[in-house]
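Participant: Just dropping this structure here.
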Amino acid sequence: IPKIEKEPGDQTVGIDETLKVKIPVVGKGPFSLALKKDDEEIKVGDSGDQYKISELDGTVTFTIPLTQRDHTGQYEIAISNDSGTVSVPFKVKVKAPPGEPQ
């Protein structure tokens with residue numbers, strides 16, 4: 001079963017920024033990755049460029065290249081291999097610039 005070395009914790013980012021969350025994973029690859037936002041599965045390839053998720057050398061990287069207000073929510077990445085699955089939950093909060101209504 002994959003093991004998470006460090007939980008990512010909650011993320012806060014401004015609008016029109018890049019959010020990158022790195023999750024170190026220990027276990028035998030290859031890993032398959034699944035993404036959920038607010039309990040709904042997101043097909044990363046079908047979401048255009050809104051979300052990117054990849055694994056390289058034992059680090060899973062989740063990226064939102066251009067953050068928008070509606071990216072705020074509860075996320076969960078499921079990391080699986082032949083032995084099982086581990087889920088990594090974290091929150092994302094996108095802040096409006098000063099002077100704009102929240």
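Residue numbering restarts at 1 in every chain; chains get A, B, ... in the order shown in the structure tokens, and ligands count up from 1 in that same order.
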Taking only chain A into account, list the residues labelled strand (DSSP E or B) by DSSP (computed from the backbone), as a ChimeraX atom specification.
Facilitator: /A:3-4,11-14,19-26,32-37,40-42,52-56,59-64,73-81,84-95
Participant: Find the residues around Val21 in chain A up to 8 Å (only C-alpha atoms counted), leave out those fewer than 6 positions away in its own chain, and share them as a ChimeraX atom specification.
Facilitator: /A:8,61-63
Participant: Give me the residues within 10 Å of range 75-91 of chain A as a ChimeraX atom specification, counting only C-alpha atoms and dropping any in the same chain fewer than 2 places off.
Facilitator: /A:1-4,6-12,21,23,25,27-41,53,55,60,62,71-73,93
Participant: How about saving the chosen residues, N, CA and C atoms kept, as a CSV table (one decimal), in the first residue's frame?
Facilitator:
```csv
chain,number,residue,atom,x,y,z
A,1,ILE,N,0.9,-1.2,0.0
A,1,ILE,CA,0.0,0.0,0.0
A,1,ILE,C,0.9,1.2,0.0
A,2,PRO,N,0.6,2.2,-0.8
A,2,PRO,CA,1.4,3.4,-0.8
A,2,PRO,C,1.3,4.1,0.5
A,3,LYS,N,2.4,4.8,0.9
A,3,LYS,CA,2.4,5.5,2.2
A,3,LYS,C,2.8,6.9,2.0
A,4,ILE,N,2.1,7.8,2.6
A,4,ILE,CA,2.4,9.3,2.5
A,4,ILE,C,3.4,9.7,3.5
A,6,LYS,N,4.4,12.9,4.0
A,6,LYS,CA,4.0,14.1,4.6
A,6,LYS,C,2.7,14.6,4.0
A,7,GLU,N,1.7,14.8,4.9
A,7,GLU,CA,0.4,15.3,4.5
A,7,GLU,C,0.6,16.8,4.0
A,8,PRO,N,-0.1,17.1,2.9
A,8,PRO,CA,0.1,18.5,2.3
A,8,PRO,C,-0.5,19.6,3.2
A,9,GLY,N,-1.5,19.3,4.0
A,9,GLY,CA,-2.2,20.4,4.8
A,9,GLY,C,-3.0,21.3,3.9
A,10,ASP,N,-3.6,22.3,4.5
A,10,ASP,CA,-4.5,23.2,3.8
A,10,ASP,C,-3.7,24.2,3.0
A,11,GLN,N,-4.2,24.6,1.8
A,11,GLN,CA,-3.5,25.5,0.9
A,11,GLN,C,-4.3,26.8,0.8
A,12,THR,N,-3.6,27.9,0.8
A,12,THR,CA,-4.3,29.2,0.5
A,12,THR,C,-3.5,29.9,-0.6
A,21,VAL,N,0.9,21.4,-5.2
A,21,VAL,CA,1.0,20.7,-4.0
A,21,VAL,C,1.8,19.4,-4.3
A,23,ILE,N,3.3,15.8,-2.8
A,23,ILE,CA,3.0,14.8,-1.8
A,23,ILE,C,4.0,13.7,-2.0
A,25,VAL,N,5.5,10.1,-1.7
A,25,VAL,CA,4.9,8.8,-1.5
A,25,VAL,C,6.0,7.7,-1.5
A,27,GLY,N,6.4,3.6,-1.7
A,27,GLY,CA,5.7,2.4,-2.1
A,27,GLY,C,6.2,1.9,-3.5
A,28,LYS,N,5.7,0.8,-3.9
A,28,LYS,CA,6.1,0.3,-5.2
A,28,LYS,C,5.2,0.8,-6.3
A,29,GLY,N,5.7,1.5,-7.3
A,29,GLY,CA,4.9,1.9,-8.4
A,29,GLY,C,4.7,0.8,-9.4
A,30,PRO,N,4.0,1.0,-10.5
A,30,PRO,CA,3.5,2.3,-10.9
A,30,PRO,C,2.2,2.6,-10.0
A,31,PHE,N,2.1,3.9,-9.8
A,31,PHE,CA,0.9,4.4,-9.1
A,31,PHE,C,-0.2,4.9,-10.0
A,32,SER,N,-1.4,4.7,-9.7
A,32,SER,CA,-2.5,5.3,-10.4
A,32,SER,C,-3.1,6.4,-9.5
A,33,LEU,N,-3.5,7.5,-10.1
A,33,LEU,CA,-3.9,8.7,-9.3
A,33,LEU,C,-5.3,9.1,-9.7
A,34,ALA,N,-6.1,9.4,-8.7
A,34,ALA,CA,-7.5,9.9,-8.9
A,34,ALA,C,-7.7,11.1,-8.1
A,35,LEU,N,-8.5,12.0,-8.6
A,35,LEU,CA,-8.7,13.3,-8.0
A,35,LEU,C,-10.2,13.5,-7.7
A,36,LYS,N,-10.5,14.0,-6.5
A,36,LYS,CA,-11.9,14.4,-6.2
A,36,LYS,C,-11.9,15.8,-5.7
A,37,LYS,N,-12.9,16.5,-6.0
A,37,LYS,CA,-13.1,17.8,-5.4
A,37,LYS,C,-14.6,17.8,-4.9
A,38,ASP,N,-14.7,18.1,-3.6
A,38,ASP,CA,-16.0,18.1,-2.9
A,38,ASP,C,-16.8,16.9,-3.2
A,39,ASP,N,-16.0,15.7,-3.1
A,39,ASP,CA,-16.6,14.4,-3.2
A,39,ASP,C,-17.0,14.0,-4.6
A,40,GLU,N,-16.7,14.8,-5.6
A,40,GLU,CA,-17.0,14.5,-7.0
A,40,GLU,C,-15.7,14.2,-7.7
A,41,GLU,N,-15.6,13.0,-8.4
A,41,GLU,CA,-14.4,12.7,-9.1
A,41,GLU,C,-14.2,13.6,-10.3
A,53,ILE,N,-2.2,16.5,-12.6
A,53,ILE,CA,-1.7,15.6,-11.5
A,53,ILE,C,-0.7,14.6,-12.1
A,55,GLU,N,3.0,11.9,-11.2
A,55,GLU,CA,3.9,11.2,-10.2
A,55,GLU,C,5.2,11.0,-10.9
A,60,VAL,N,4.1,12.8,-5.8
A,60,VAL,CA,2.9,13.2,-6.6
A,60,VAL,C,2.7,14.7,-6.5
A,62,PHE,N,0.2,17.9,-7.6
A,62,PHE,CA,-1.1,18.3,-8.0
A,62,PHE,C,-0.9,19.8,-8.3
A,71,HIS,N,-12.1,27.3,-7.6
A,71,HIS,CA,-11.3,26.2,-7.2
A,71,HIS,C,-11.2,26.0,-5.7
A,72,THR,N,-11.8,26.9,-4.9
A,72,THR,CA,-11.9,26.7,-3.5
A,72,THR,C,-12.7,25.5,-3.2
A,73,GLY,N,-12.2,24.6,-2.3
A,73,GLY,CA,-13.0,23.4,-1.9
A,73,GLY,C,-12.1,22.4,-1.2
A,93,LYS,N,-8.1,27.1,-0.6
A,93,LYS,CA,-8.8,28.4,-0.4
A,93,LYS,C,-8.2,29.4,-1.4
```
Participant: Under the rule that only C-alpha atoms are counted, which of A:Pro24, A:Asp57, A:Asp49, A:Lys95 is the nearest residue to Arg69 in chain A?
Facilitator: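 With only C-alpha atoms as the atom set, the closest residue is A:Lys95.
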Participant: Let me make sure I understand: among A:Leu56, A:Val94, A:Leu19, A:Val44, which one has the smallest atom-to-atom distance to Gln68 in chain A if we use only C-alpha atoms?
Facilitator: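 Closest candidate: A:Val94.
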Participant: Any idea what the distance is between CA of Leu66 in chain A and CA of Lys43 in chain A?
Facilitator: 17.6 Å
Participant: Pick the closest to Asp70 in chain A from A:Ser54, A:Ala96, A:Glu5, A:Thr18: which is it, counting only C-alpha atoms?
Facilitator: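 Residue with the minimum atom-to-atom distance to Asp70 in chain A: A:Ala96.
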Participant: Could you jot down the CA of Thr67 in chain A to CA of Val26 in chain A separation for me, Å, one decimal place?
Facilitator: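 Those two atoms sit 28.8 Å apart.
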